[in-house]
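A.B. asks: This is final.cif (mmCIF, C-alpha atoms).
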```
data_structure
#
loop_
_atom_site.label_atom_id
_atom_site.label_comp_id
_atom_site.auth_asym_id
_atom_site.auth_seq_id
_atom_site.Cartn_x
_atom_site.Cartn_y
_atom_site.Cartn_z
CA MET A 1 -32.71 21.35 -26.49
CA THR A 2 -31.79 19.42 -23.43
CA GLU A 3 -28.34 17.90 -23.20
CA ARG A 4 -28.16 14.11 -23.19
CA LYS A 5 -27.67 12.86 -19.68
CA ILE A 6 -24.50 10.93 -18.91
CA LYS A 7 -25.36 7.36 -17.99
CA ILE A 8 -23.66 5.96 -14.92
CA ALA A 9 -23.88 2.36 -13.78
CA THR A 10 -22.64 1.20 -10.38
CA THR A 11 -22.32 -2.10 -8.60
CA SER A 12 -20.84 -3.65 -5.51
CA LEU A 13 -19.14 -7.02 -6.09
CA ALA A 14 -17.31 -8.41 -3.03
CA GLY A 15 -17.71 -5.11 -1.24
CA CYS A 16 -19.61 -3.73 1.73
CA PHE A 17 -21.45 -0.88 -0.03
CA GLY A 18 -19.33 1.53 1.99
CA CYS A 19 -18.06 3.11 -1.24
CA HIS A 20 -21.63 3.64 -2.41
CA MET A 21 -22.40 5.24 0.95
CA SER A 22 -19.40 7.52 0.55
CA PHE A 23 -20.59 8.45 -2.96
CA LEU A 24 -23.96 9.45 -1.46
CA ASP A 25 -22.05 11.56 1.07
CA ILE A 26 -21.59 14.24 -1.59
CA ASP A 27 -24.97 15.26 -0.16
CA GLU A 28 -26.63 18.27 -1.80
CA GLN A 29 -24.26 18.10 -4.74
CA LEU A 30 -26.17 14.96 -5.72
CA VAL A 31 -28.99 17.27 -6.80
CA GLN A 32 -26.65 19.21 -9.06
CA LEU A 33 -25.11 15.98 -10.33
CA ASN A 34 -28.53 14.53 -10.98
CA GLU A 35 -29.18 17.20 -13.62
CA ARG A 36 -26.23 15.87 -15.62
CA ILE A 37 -26.46 12.14 -15.03
CA GLU A 38 -28.90 9.27 -14.93
CA PHE A 39 -28.30 5.91 -13.32
CA ASN A 40 -28.37 2.69 -15.24
CA ARG A 41 -27.86 -0.56 -13.32
CA SER A 42 -27.15 0.39 -9.73
CA PRO A 43 -28.30 -0.53 -6.24
CA LEU A 44 -29.97 2.89 -6.39
CA THR A 45 -32.24 1.92 -9.32
CA ASP A 46 -32.59 -1.85 -8.97
CA ILE A 47 -32.11 -2.27 -12.75
CA LYS A 48 -30.89 -5.86 -13.06
CA HIS A 49 -28.54 -5.69 -16.03
CA CYS A 50 -26.04 -3.10 -17.14
CA GLY A 51 -27.08 -1.52 -20.45
CA PRO A 52 -24.89 0.77 -22.57
CA SER A 53 -23.46 3.38 -20.19
CA ASP A 54 -20.85 6.11 -20.22
CA ILE A 55 -19.27 5.45 -16.84
CA GLY A 56 -19.21 2.33 -14.68
CA LEU A 57 -18.24 2.46 -11.01
CA ILE A 58 -17.17 -0.88 -9.55
CA GLU A 59 -16.94 -1.37 -5.82
CA GLY A 60 -15.53 -4.59 -4.34
CA GLY A 61 -13.21 -7.31 -5.59
CA VAL A 62 -14.06 -10.44 -7.54
CA CYS A 63 -14.82 -13.41 -5.26
CA ASN A 64 -17.27 -15.60 -7.19
CA ALA A 65 -18.48 -16.56 -10.67
CA ASP A 66 -21.36 -14.09 -10.54
CA ASN A 67 -18.93 -11.24 -9.81
CA VAL A 68 -17.02 -12.20 -12.96
CA ARG A 69 -20.22 -12.19 -15.04
CA VAL A 70 -21.35 -8.81 -13.70
CA LEU A 71 -17.88 -7.27 -14.10
CA ARG A 72 -17.60 -8.45 -17.71
CA GLU A 73 -21.09 -7.11 -18.42
CA PHE A 74 -20.01 -3.72 -17.06
CA ARG A 75 -16.80 -3.72 -19.09
CA ALA A 76 -18.71 -4.61 -22.27
CA ASN A 77 -21.26 -1.85 -21.72
CA CYS A 78 -19.35 1.02 -20.06
CA LYS A 79 -17.11 3.33 -22.06
CA ILE A 80 -15.15 4.21 -18.92
CA LEU A 81 -14.71 1.79 -16.04
CA ILE A 82 -13.56 3.07 -12.65
CA ALA A 83 -12.32 0.82 -9.85
CA VAL A 84 -13.66 2.36 -6.66
CA GLY A 85 -12.12 1.64 -3.27
CA ALA A 86 -9.55 -0.68 -1.75
CA CYS A 87 -11.46 -3.92 -2.41
CA ALA A 88 -11.90 -3.28 -6.15
CA ILE A 89 -8.25 -2.26 -6.46
CA THR A 90 -6.53 -4.82 -4.20
CA GLY A 91 -9.20 -7.31 -3.14
CA GLY A 92 -9.23 -5.63 0.27
CA VAL A 93 -10.57 -7.30 3.39
CA PRO A 94 -12.35 -10.19 1.54
CA ALA A 95 -8.97 -11.03 -0.05
CA MET A 96 -7.63 -11.94 3.39
CA ARG A 97 -9.04 -15.39 2.64
CA ASN A 98 -6.36 -15.69 -0.05
CA TYR A 99 -3.89 -16.82 2.60
CA PHE A 100 -5.93 -20.00 3.09
CA ASP A 101 -7.24 -22.70 0.80
CA LEU A 102 -10.86 -22.24 -0.21
CA ARG A 103 -11.67 -25.66 1.23
CA GLU A 104 -10.11 -24.68 4.56
CA CYS A 105 -12.28 -21.55 4.66
CA LEU A 106 -15.51 -23.39 3.84
CA GLU A 107 -14.83 -26.16 6.35
CA GLU A 108 -13.96 -23.66 9.06
CA VAL A 109 -17.18 -21.74 8.53
CA TYR A 110 -19.73 -24.45 7.69
CA LEU A 111 -18.37 -27.59 9.35
CA HIS A 112 -16.24 -26.65 12.34
CA GLY A 113 -17.47 -23.13 13.08
CA ALA A 114 -18.76 -22.19 16.52
CA GLY A 115 -22.50 -22.85 16.92
CA VAL A 116 -22.93 -24.81 13.66
CA THR A 117 -25.83 -27.23 14.20
CA ASN A 118 -26.28 -28.95 10.83
CA PRO A 119 -22.77 -28.98 9.38
CA GLN A 120 -22.71 -29.00 5.57
CA ILE A 121 -21.02 -26.95 2.89
CA PRO A 122 -23.74 -25.16 0.86
CA GLY A 123 -24.00 -26.56 -2.66
CA ASP A 124 -27.29 -25.17 -4.01
CA VAL A 125 -27.14 -24.51 -7.78
CA GLU A 126 -28.55 -21.02 -7.13
CA LEU A 127 -25.39 -20.07 -5.27
CA PRO A 128 -22.58 -18.64 -7.38
CA LEU A 129 -19.41 -20.71 -7.14
CA LEU A 130 -16.60 -19.15 -5.17
CA LEU A 131 -13.32 -18.49 -6.96
CA ASP A 132 -10.08 -19.93 -5.59
CA LYS A 133 -9.06 -16.43 -4.54
CA VAL A 134 -10.48 -12.92 -4.32
CA TYR A 135 -9.07 -10.89 -7.22
CA PRO A 136 -8.69 -7.17 -7.81
CA ILE A 137 -10.95 -6.21 -10.73
CA GLN A 138 -8.02 -5.17 -12.94
CA GLU A 139 -6.83 -8.77 -12.88
CA VAL A 140 -10.10 -9.74 -14.60
CA VAL A 141 -10.92 -6.85 -16.99
CA PRO A 142 -9.06 -3.71 -18.15
CA VAL A 143 -9.79 -0.70 -15.93
CA ASP A 144 -9.57 2.97 -16.97
CA TYR A 145 -9.30 4.80 -13.65
CA PHE A 146 -8.63 3.99 -10.01
CA LEU A 147 -10.14 5.74 -7.03
CA PRO A 148 -8.38 4.38 -3.93
CA GLY A 149 -9.62 4.58 -0.37
CA CYS A 150 -11.55 2.63 2.20
CA PRO A 151 -13.81 4.24 1.28
CA PRO A 152 -12.72 7.00 -1.12
CA PRO A 153 -13.83 10.31 0.40
CA ALA A 154 -16.98 11.87 -1.07
CA ASP A 155 -14.94 14.71 -2.59
CA ALA A 156 -12.84 12.20 -4.51
CA PHE A 157 -15.93 10.97 -6.38
CA LEU A 158 -16.62 14.50 -7.56
CA ALA A 159 -12.95 15.08 -8.36
CA ILE A 160 -12.98 12.18 -10.81
CA LEU A 161 -16.57 12.44 -12.09
CA LEU A 162 -16.85 16.17 -12.80
CA PRO A 163 -13.94 16.31 -15.30
CA LEU A 164 -15.26 13.14 -16.97
CA LEU A 165 -18.73 14.69 -17.30
CA ASN A 166 -17.11 17.63 -19.07
CA GLY A 167 -15.23 15.34 -21.42
CA ALA A 168 -11.88 16.00 -19.76
CA VAL A 169 -9.30 13.60 -18.38
CA PRO A 170 -9.30 13.68 -14.55
CA PRO A 171 -6.15 15.31 -13.21
CA GLN A 172 -3.60 13.47 -11.10
CA MET A 173 -5.29 13.46 -7.75
CA ALA A 174 -3.75 15.29 -4.84
CA ASP A 175 -2.57 13.17 -1.91
CA CYS A 176 -5.31 14.56 0.29
CA ARG A 177 -7.96 13.09 -1.99
CA PHE A 178 -7.11 9.46 -1.50
CA TYR A 179 -6.68 7.18 1.45
CA TYR A 180 -5.31 3.68 1.62
CA ASP A 181 -6.66 3.07 5.10
CA MET B 182 29.07 21.87 11.20
CA THR B 183 32.28 20.32 9.95
CA GLU B 184 33.78 21.84 6.84
CA THR B 185 32.66 20.37 3.57
CA THR B 186 35.21 18.76 1.34
CA GLY B 187 33.36 19.12 -1.92
CA THR B 188 30.13 19.91 -3.67
CA ILE B 189 27.71 17.74 -5.60
CA PHE B 190 24.74 18.98 -7.60
CA ILE B 191 21.39 17.31 -7.00
CA ASP B 192 18.86 18.38 -9.63
CA GLY B 193 21.03 21.45 -10.10
CA LYS B 194 21.17 22.37 -6.41
CA ALA B 195 24.66 22.65 -4.94
CA VAL B 196 25.03 20.34 -1.93
CA GLY B 197 28.18 20.24 0.18
CA PHE B 198 29.53 16.95 1.50
CA MET B 199 32.21 15.75 3.85
CA GLN B 200 34.79 13.09 3.14
CA GLY B 201 33.24 9.63 3.40
CA GLN B 202 29.64 10.74 2.99
CA THR B 203 27.32 9.01 0.56
CA ILE B 204 25.04 10.88 -1.82
CA MET B 205 22.17 10.07 0.59
CA ASP B 206 24.07 11.46 3.62
CA ALA B 207 24.86 14.67 1.77
CA ALA B 208 21.29 15.03 0.50
CA LEU B 209 19.75 14.51 3.94
CA SER B 210 22.09 17.02 5.59
CA ALA B 211 21.06 19.54 2.95
CA GLN B 212 17.34 18.76 3.46
CA VAL B 213 17.04 17.20 0.01
CA TYR B 214 14.75 14.18 -0.02
CA ILE B 215 15.73 11.09 -1.97
CA PRO B 216 12.99 8.45 -1.53
CA HIS B 217 14.17 5.45 0.51
CA LEU B 218 12.78 2.57 2.56
CA CYS B 219 15.71 0.34 3.58
CA HIS B 220 17.96 3.20 4.64
CA TYR B 221 17.98 4.67 8.13
CA PRO B 222 20.62 7.24 9.10
CA GLY B 223 22.91 5.83 11.76
CA LEU B 224 22.78 2.26 10.43
CA THR B 225 25.07 0.84 7.77
CA PRO B 226 23.41 1.37 4.39
CA SER B 227 22.31 -1.79 2.64
CA GLY B 228 21.13 -0.61 -0.79
CA ASN B 229 18.54 -3.33 -1.14
CA CYS B 230 15.24 -1.51 -1.74
CA ARG B 231 16.56 0.42 -4.78
CA LEU B 232 14.13 3.30 -4.22
CA CYS B 233 16.99 5.74 -3.75
CA VAL B 234 18.48 4.99 -7.15
CA VAL B 235 19.54 8.27 -8.75
CA GLU B 236 21.47 9.13 -11.87
CA ALA B 237 24.99 10.10 -10.85
CA ASP B 238 26.97 11.48 -13.77
CA GLY B 239 24.59 9.68 -16.13
CA ARG B 240 24.86 6.34 -14.39
CA ARG B 241 22.19 4.85 -12.14
CA ALA B 242 23.32 4.11 -8.61
CA ALA B 243 21.77 3.69 -5.16
CA ALA B 244 22.27 7.02 -3.36
CA CYS B 245 22.60 5.31 0.05
CA THR B 246 25.64 3.24 -0.95
CA THR B 247 27.37 5.49 -3.48
CA ALA B 248 30.05 7.84 -2.23
CA ALA B 249 29.63 11.52 -3.06
CA LYS B 250 32.35 12.79 -5.41
CA ALA B 251 33.19 16.43 -5.97
CA GLY B 252 31.42 17.91 -8.95
CA GLN B 253 29.01 14.97 -9.36
CA GLN B 254 25.86 15.85 -11.32
CA ILE B 255 22.91 13.96 -9.85
CA SER B 256 19.35 13.60 -11.13
CA ASN B 257 16.92 12.67 -8.37
CA ASN B 258 13.42 14.11 -8.57
CA THR B 259 12.75 13.36 -12.24
CA ALA B 260 9.60 11.93 -13.81
CA GLU B 261 11.54 8.93 -15.13
CA LEU B 262 13.16 8.00 -11.79
CA ASN B 263 9.93 8.54 -9.89
CA ALA B 264 8.10 6.30 -12.38
CA ALA B 265 10.71 3.58 -11.75
CA ARG B 266 10.31 4.11 -7.99
CA LYS B 267 6.57 3.71 -8.31
CA VAL B 268 7.06 0.39 -10.13
CA ILE B 269 9.40 -0.80 -7.35
CA THR B 270 6.82 0.21 -4.73
CA GLN B 271 4.06 -1.60 -6.63
CA MET B 272 6.21 -4.74 -6.78
CA LEU B 273 6.84 -4.51 -3.02
CA PHE B 274 3.07 -4.32 -2.50
CA VAL B 275 2.19 -7.36 -4.64
CA GLU B 276 5.03 -9.50 -3.28
CA GLY B 277 3.68 -9.36 0.27
CA ASN B 278 0.31 -9.22 1.95
CA HIS B 279 -0.10 -5.50 2.46
CA ILE B 280 -3.56 -5.08 3.89
CA CYS B 281 -3.67 -1.32 4.54
CA PRO B 282 -7.37 -1.03 5.48
CA SER B 283 -7.00 -3.70 8.18
CA CYS B 284 -3.37 -3.13 9.18
CA GLU B 285 -2.56 -1.56 12.55
CA LYS B 286 0.53 0.07 11.04
CA SER B 287 -1.58 2.08 8.61
CA GLY B 288 -0.62 5.75 8.89
CA ASN B 289 2.71 4.88 10.53
CA CYS B 290 3.83 2.76 7.56
CA LYS B 291 6.60 3.92 5.27
CA LEU B 292 5.57 1.63 2.43
CA GLN B 293 2.11 3.15 2.50
CA ALA B 294 3.55 6.66 2.79
CA MET B 295 5.79 5.91 -0.18
CA GLY B 296 2.70 4.90 -2.16
CA TYR B 297 1.18 8.29 -1.37
CA HIS B 298 4.44 10.10 -2.17
CA LEU B 299 4.73 8.49 -5.59
CA GLY B 300 1.05 8.85 -6.45
CA MET B 301 0.47 5.11 -6.58
CA LEU B 302 -3.22 4.46 -7.21
CA GLU B 303 -3.12 0.70 -7.73
CA GLU B 304 -0.76 -2.25 -7.59
CA HIS B 305 -0.65 -2.87 -11.35
CA TYR B 306 0.92 -6.34 -11.06
CA PRO B 307 -0.90 -9.56 -10.13
CA GLN B 308 -0.70 -10.23 -6.41
CA PHE B 309 1.52 -13.05 -5.14
CA ASN B 310 -0.66 -13.73 -2.05
CA PRO B 311 2.31 -15.45 -0.38
CA ARG B 312 1.73 -17.67 2.62
CA ARG B 313 4.40 -16.78 5.13
CA VAL B 314 4.67 -17.95 8.71
CA LEU B 315 3.26 -15.59 11.33
CA ASP B 316 5.03 -15.68 14.69
CA ALA B 317 3.02 -14.64 17.73
CA SER B 318 5.20 -16.49 20.26
CA HIS B 319 6.72 -13.36 21.83
CA PRO B 320 4.62 -11.97 24.69
CA ASP B 321 4.93 -8.34 23.55
CA ILE B 322 5.88 -8.39 19.87
CA LEU B 323 4.16 -9.82 16.79
CA LEU B 324 6.11 -10.88 13.71
CA ASP B 325 4.02 -11.08 10.53
CA ARG B 326 6.31 -12.08 7.67
CA GLY B 327 3.48 -11.47 5.20
CA ARG B 328 3.99 -7.75 5.67
CA CYS B 329 7.81 -7.88 5.63
CA ILE B 330 9.55 -6.09 2.73
CA LEU B 331 12.99 -7.56 3.59
CA CYS B 332 14.54 -4.13 4.04
CA GLY B 333 16.85 -5.63 6.67
CA LEU B 334 16.52 -2.68 9.07
CA CYS B 335 15.69 -4.97 12.00
CA VAL B 336 18.66 -7.18 11.08
CA ARG B 337 21.06 -4.25 11.06
CA ALA B 338 19.55 -2.59 14.15
CA SER B 339 19.79 -5.81 16.15
CA HIS B 340 23.36 -6.42 15.02
CA GLU B 341 24.79 -2.92 15.14
CA VAL B 342 22.90 -1.17 17.93
CA ASP B 343 21.24 -3.77 20.18
CA LYS B 344 24.18 -6.19 19.77
CA LYS B 345 21.76 -9.12 19.90
CA ASN B 346 21.63 -10.51 16.34
CA VAL B 347 18.00 -11.52 16.73
CA PHE B 348 17.12 -11.35 13.03
CA ALA B 349 18.60 -12.48 9.73
CA ILE B 350 17.40 -12.89 6.17
CA ALA B 351 17.52 -16.42 4.77
CA GLY B 352 16.95 -17.67 1.23
CA ARG B 353 17.46 -15.82 -2.01
CA GLY B 354 15.44 -13.72 -4.41
CA ALA B 355 11.69 -14.30 -4.23
CA ASP B 356 12.29 -17.08 -1.66
CA ALA B 357 14.05 -14.81 0.83
CA TYR B 358 12.42 -14.50 4.23
CA LEU B 359 13.10 -13.11 7.68
CA ILE B 360 14.32 -15.63 10.25
CA VAL B 361 14.81 -15.43 13.99
CA ASN B 362 18.13 -16.50 15.41
CA THR B 363 16.92 -19.02 18.00
CA VAL B 364 17.06 -22.82 18.08
CA SER B 365 13.27 -23.02 17.67
CA GLY B 366 13.21 -20.16 15.16
CA LYS B 367 10.53 -18.54 17.34
CA LEU B 368 10.65 -14.91 18.38
CA GLY B 369 9.39 -15.85 21.83
CA ASP B 370 12.63 -17.72 22.52
CA SER B 371 14.79 -14.72 21.58
CA ASN B 372 15.90 -11.94 23.91
CA LEU B 373 14.24 -9.24 21.79
CA ASP B 374 12.89 -6.50 24.02
CA VAL B 375 10.31 -3.81 23.27
CA THR B 376 12.92 -1.11 23.87
CA ASP B 377 15.32 -2.61 21.31
CA LEU B 378 15.86 -0.60 18.18
CA ALA B 379 15.16 -3.75 16.14
CA ALA B 380 11.67 -3.91 17.61
CA ASN B 381 10.98 -0.28 16.79
CA ILE B 382 12.52 0.31 13.39
CA CYS B 383 10.28 -1.81 11.15
CA PRO B 384 9.00 0.56 8.42
CA VAL B 385 5.97 -1.65 7.73
CA GLY B 386 3.59 -3.85 9.73
CA ALA B 387 5.92 -6.86 10.02
CA ILE B 388 7.17 -6.23 13.57
CA MET B 389 4.49 -4.71 15.75
CA PHE B 390 3.79 -4.39 19.44
CA LYS B 391 0.96 -6.34 20.96
CA GLU B 392 -1.76 -4.70 23.04
CA ARG B 393 -1.15 -1.26 21.57
CA GLY B 394 -3.61 -1.47 18.71
CA TYR B 395 -5.17 1.85 17.81
CA VAL B 396 -3.69 3.66 20.83
CA THR B 397 -3.05 6.40 18.28
CA PRO B 398 -6.20 6.72 16.18
CA ILE B 399 -6.15 6.62 12.38
CA GLY B 400 -5.82 10.19 11.17
CA GLU B 401 -3.42 11.22 13.93
CA ARG B 402 -0.48 9.04 12.98
CA ILE B 403 2.98 9.99 11.68
CA TYR B 404 2.20 10.12 7.97
CA ASP B 405 -1.32 11.41 8.54
CA ARG B 406 0.30 14.56 9.92
CA GLN B 407 3.52 14.82 7.94
CA HIS B 408 4.71 13.94 4.48
CA ILE B 409 7.33 11.16 4.29
CA SER B 410 9.81 13.60 2.75
CA ASP B 411 9.61 15.80 5.87
CA VAL B 412 9.70 12.93 8.37
CA ALA B 413 12.84 11.57 6.67
CA MET B 414 14.72 14.77 7.53
CA HIS B 415 14.49 14.09 11.25
CA GLU B 416 15.30 10.40 11.38
CA HIS B 417 18.34 9.03 13.13
CA VAL B 418 18.81 5.89 15.23
CA THR B 419 19.34 7.95 18.38
CA GLU B 420 15.83 9.40 17.99
CA GLN B 421 14.16 6.13 17.07
CA LYS B 422 15.43 4.09 20.00
CA GLY B 423 12.96 3.64 22.81
CA ASP B 424 9.79 3.90 20.75
CA LYS B 425 9.37 7.64 21.24
CA LYS B 426 7.43 8.08 18.04
CA ARG B 427 4.44 5.94 18.83
#
```
Can you turn what I pasted into structure tokens?
C.D. replies:
Amino acid sequence: MTERKIKIATTSLAGCFGCHMSFLDIDEQLVQLNERIEFNRSPLTDIKHCGPSDIGLIEGGVCNADNVRVLREFRANCKILIAVGACAITGGVPAMRNYFDLRECLEEVYLHGAGVTNPQIPGDVELPLLLDKVYPIQEVVPVDYFLPGCPPPADAFLAILLPLLNGAVPPQMADCRFYYD
Amino acid sequence: MTETTGTIFIDGKAVGFMQGQTIMDAALSAQVYIPHLCHYPGLTPSGNCRLCVVEADGRRAAACTTAAKAGQQISNNTAELNAARKVITQMLFVEGNHICPSCEKSGNCKLQAMGYHLGMLEEHYPQFNPRRVLDASHPDILLDRGRCILCGLCVRASHEVDKKNVFAIAGRGADAYLIVNTVSGKLGDSNLDVTDLAANICPVGAIMFKERGYVTPIGERIYDRQHISDVAMHEHVTEQKGDKKR
């Protein structure tokens, strides 16, 4: 009898996909991991909605209405939700817009920005509305574990995932496993 | 070494002290680390960051401002105190704009190193996202109040060592902020110099030198190489002056 594979869903909200790249940096151990897990919604599968999953990895902070929808969908469907990287945990670089009004930001970029030829603030209904600020994900939904770093080193992904795959609680991570910079 | 005048016990370890020493002084001379941010040996202790709070004879007190008393039983490195210290550190993070991944001070920053030391994984509290005035008027030194933790080290260094009184803290509580003692309030109109202790002692990224960005690469900086508890054993104003560490 084959063991049921652990379902993992991943997404990047207001992130740069750097955390996903770091996850892939576990290199050949991906093969070993692949025997134990299968991916649900993820940039790696192109599945559009998060179905019931065991573990959800969230990269990036929450900057617009679509991020909120996706994050809530993950929380509703994932037994364990992990905030991955500085942006998910603190808002990170995108949150540097929090020191300005949203209107100021939009006008600077779309009306007064260098090289703007047809100045107008985009208002297409297809575009998700921006939030007033960029929020860490734990300010929007409850989060089970945090994996800090910009990005978290590849080893750190294994350090948190392997115990979870075995049904154990991940140990307190050693200093060397996480980076704030 | 001068003769000790008594002994205190920090987590059970006997530590000698001399008359007039604080618990922090005695601990540092005995190579015992008590976490601290606003204290710097050689400057008058201020007791404002509260990270060094220990239990002295069952009562909580800031180690940097409490005199050592013979026979004192002190708890320092306990799970309970370290949990409280982590909460204080998290509050310091959310109160300001601490942008580690894009901050030039990253790796040389004591607040960041304290986060590592206390195993802080996240900020826990909602961020304040304060809007504080940035002052780039000085030709060589940048003042970003968003990253200031109001430890007052620059204030004390400028007053006690540089004898210039360039900085002060105005306002109270959550409205407190760092001010510059010039008519315009601008740093550029002050006589702050890059060799001043006040310009070098900032534990975070609030007072930084211009045109030196990334001279020391990430990964080779103070707290990339050494733990904050080891660095703290070698700190004194005489060593800090003149920007030797950067």
A.B. asks: Taking only residues of chain B that have an atom at most 10 Å from an atom of chain A, what is each one's shortest atom pair and its distance in Å to one decimal, using only C-alpha atoms, in chain and number order, as CSV?
C.D. replies:
```
residue,atom,partner,partner_atom,distance
B:Phe274,CA,A:Thr90,CA,9.8
B:Val275,CA,A:Thr90,CA,9.1
B:Asn278,CA,A:Met96,CA,8.5
B:His279,CA,A:Thr90,CA,9.3
B:Ile280,CA,A:Gly92,CA,6.7
B:Cys281,CA,A:Asp181,CA,5.3
B:Pro282,CA,A:Asp181,CA,4.2
B:Ser283,CA,A:Val93,CA,7.0
B:Cys284,CA,A:Asp181,CA,8.1
B:Glu285,CA,A:Asp181,CA,9.7
B:Lys286,CA,A:Asp181,CA,9.8
B:Ser287,CA,A:Asp181,CA,6.3
B:Gly288,CA,A:Asp181,CA,7.6
B:Gln293,CA,A:Tyr180,CA,7.5
B:Ala294,CA,A:Tyr180,CA,9.4
B:Gly296,CA,A:Tyr180,CA,8.9
B:Tyr297,CA,A:Asp175,CA,6.2
B:His298,CA,A:Asp175,CA,7.7
B:Leu299,CA,A:Asp175,CA,9.4
B:Gly300,CA,A:Asp175,CA,7.2
B:Met301,CA,A:Pro148,CA,9.3
B:Leu302,CA,A:Phe146,CA,6.1
B:Glu303,CA,A:Ile89,CA,6.1
B:Glu304,CA,A:Thr90,CA,7.2
B:His305,CA,A:Gln138,CA,7.9
B:Tyr306,CA,A:Glu139,CA,8.3
B:Pro307,CA,A:Glu139,CA,6.6
B:Gln308,CA,A:Thr90,CA,8.3
B:Phe309,CA,A:Asn98,CA,9.7
B:Asn310,CA,A:Asn98,CA,6.4
B:Pro311,CA,A:Tyr99,CA,7.0
B:Arg312,CA,A:Tyr99,CA,5.7
B:Arg313,CA,A:Tyr99,CA,8.7
B:Gly327,CA,A:Tyr99,CA,9.5
B:Ile399,CA,A:Asp181,CA,8.1
B:Gly400,CA,A:Asp181,CA,9.4
B:Asp405,CA,A:Cys176,CA,9.7
B:His408,CA,A:Asp175,CA,9.7
```
A.B. asks: Between atom CA of B:Leu368 and atom CA of B:Asp321, what is the distance in Å, rounded to a tenth?
C.D. replies: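 These two atoms are separated by 10.1 Å.
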A.B. asks: Apply the PyMOL selection byres ((chain A and resi 66) around 10) to the structure shown and report the selected residues as a compact mmCIF listing (two decimals) with C-alpha atoms, keeping the file's coordinate frame.
C.D. replies:
```txt
# COMPACT_ATOMS: atom_id res chain seq x y z
CA LEU A 13 -19.14 -7.02 -6.09
CA VAL A 62 -14.06 -10.44 -7.54
CA CYS A 63 -14.82 -13.41 -5.26
CA ASN A 64 -17.27 -15.60 -7.19
CA ALA A 65 -18.48 -16.56 -10.67
CA ASN A 67 -18.93 -11.24 -9.81
CA VAL A 68 -17.02 -12.20 -12.96
CA ARG A 69 -20.22 -12.19 -15.04
CA VAL A 70 -21.35 -8.81 -13.70
CA LEU A 71 -17.88 -7.27 -14.10
CA ARG A 72 -17.60 -8.45 -17.71
CA LEU A 127 -25.39 -20.07 -5.27
CA PRO A 128 -22.58 -18.64 -7.38
CA LEU A 129 -19.41 -20.71 -7.14
CA LEU A 130 -16.60 -19.15 -5.17
CA LEU A 131 -13.32 -18.49 -6.96
```
A.B. asks: May I have the residues within 7 Å of A:Ile58 as a ChimeraX atom specification, using all atoms listed in the file and disregarding those fewer than 5 positions away in the same chain?
C.D. replies: /A:10-12,82-84,88
A.B. asks: Using atom CA of A:Val134 and atom CA of B:Asp356 as the two end points, give the distance in Å to one decimal.
C.D. replies: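 Taking atom CA of A:Val134 as the start and atom CA of B:Asp356 as the end point, the length is 23.3 Å.
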A.B. asks: Determine the residue set returned by the PyMOL selection byres ((chain B and resi 204) around 6) for the present structure, and present it as a PDB file with C-alpha atoms, keeping the file's coordinate frame.
C.D. replies:
```pdb
ATOM      1  CA  THR B 203      27.320   9.010   0.560  1.00  0.00           C
ATOM      2  CA  MET B 205      22.170  10.070   0.590  1.00  0.00           C
ATOM      3  CA  ASP B 206      24.070  11.460   3.620  1.00  0.00           C
ATOM      4  CA  ALA B 207      24.860  14.670   1.770  1.00  0.00           C
ATOM      5  CA  ALA B 244      22.270   7.020  -3.360  1.00  0.00           C
ATOM      6  CA  ALA B 248      30.050   7.840  -2.230  1.00  0.00           C
ATOM      7  CA  ALA B 249      29.630  11.520  -3.060  1.00  0.00           C
TER       8      ALA B 249
END
```
A.B. asks: Can you spell out as a JSON list (two decimals) with C-alpha atoms, in the frame of the given file the set of residues that the PyMOL selection byres ((chain A and resi 51-57) around 6) selects in the structure I just provided?
C.D. replies:
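The resulting file, expr-v2.json, is shown below:
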```json
[["chain", "number", "residue", "atom", "x", "y", "z"],
["A", 7, "LYS", "CA", -25.36, 7.36, -17.99],
["A", 8, "ILE", "CA", -23.66, 5.96, -14.92],
["A", 9, "ALA", "CA", -23.88, 2.36, -13.78],
["A", 10, "THR", "CA", -22.64, 1.20, -10.38],
["A", 50, "CYS", "CA", -26.04, -3.10, -17.14],
["A", 58, "ILE", "CA", -17.17, -0.88, -9.55],
["A", 77, "ASN", "CA", -21.26, -1.85, -21.72],
["A", 78, "CYS", "CA", -19.35, 1.02, -20.06],
["A", 79, "LYS", "CA", -17.11, 3.33, -22.06],
["A", 80, "ILE", "CA", -15.15, 4.21, -18.92],
["A", 81, "LEU", "CA", -14.71, 1.79, -16.04],
["A", 82, "ILE", "CA", -13.56, 3.07, -12.65]]
```
A.B. asks: Could you check which residues have any atom within 12 Å of (7.5, -12.0, 13.1), counting all atoms listed in the file with coordinates taken straight from the file, and then list them as a ChimeraX atom specification?
C.D. replies: /B:313-329,331,335,347-349,358-362,366-369,371,373,379-380,383,385-391
A.B. asks: So, with only C-alpha atoms as the atoms that count, which of A:Ala154, A:Ile160, A:Leu44, A:Val140 lies closest to A:Asp25?
C.D. replies: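 Using only C-alpha atoms, the shortest distance to A:Asp25 belongs to A:Ala154.
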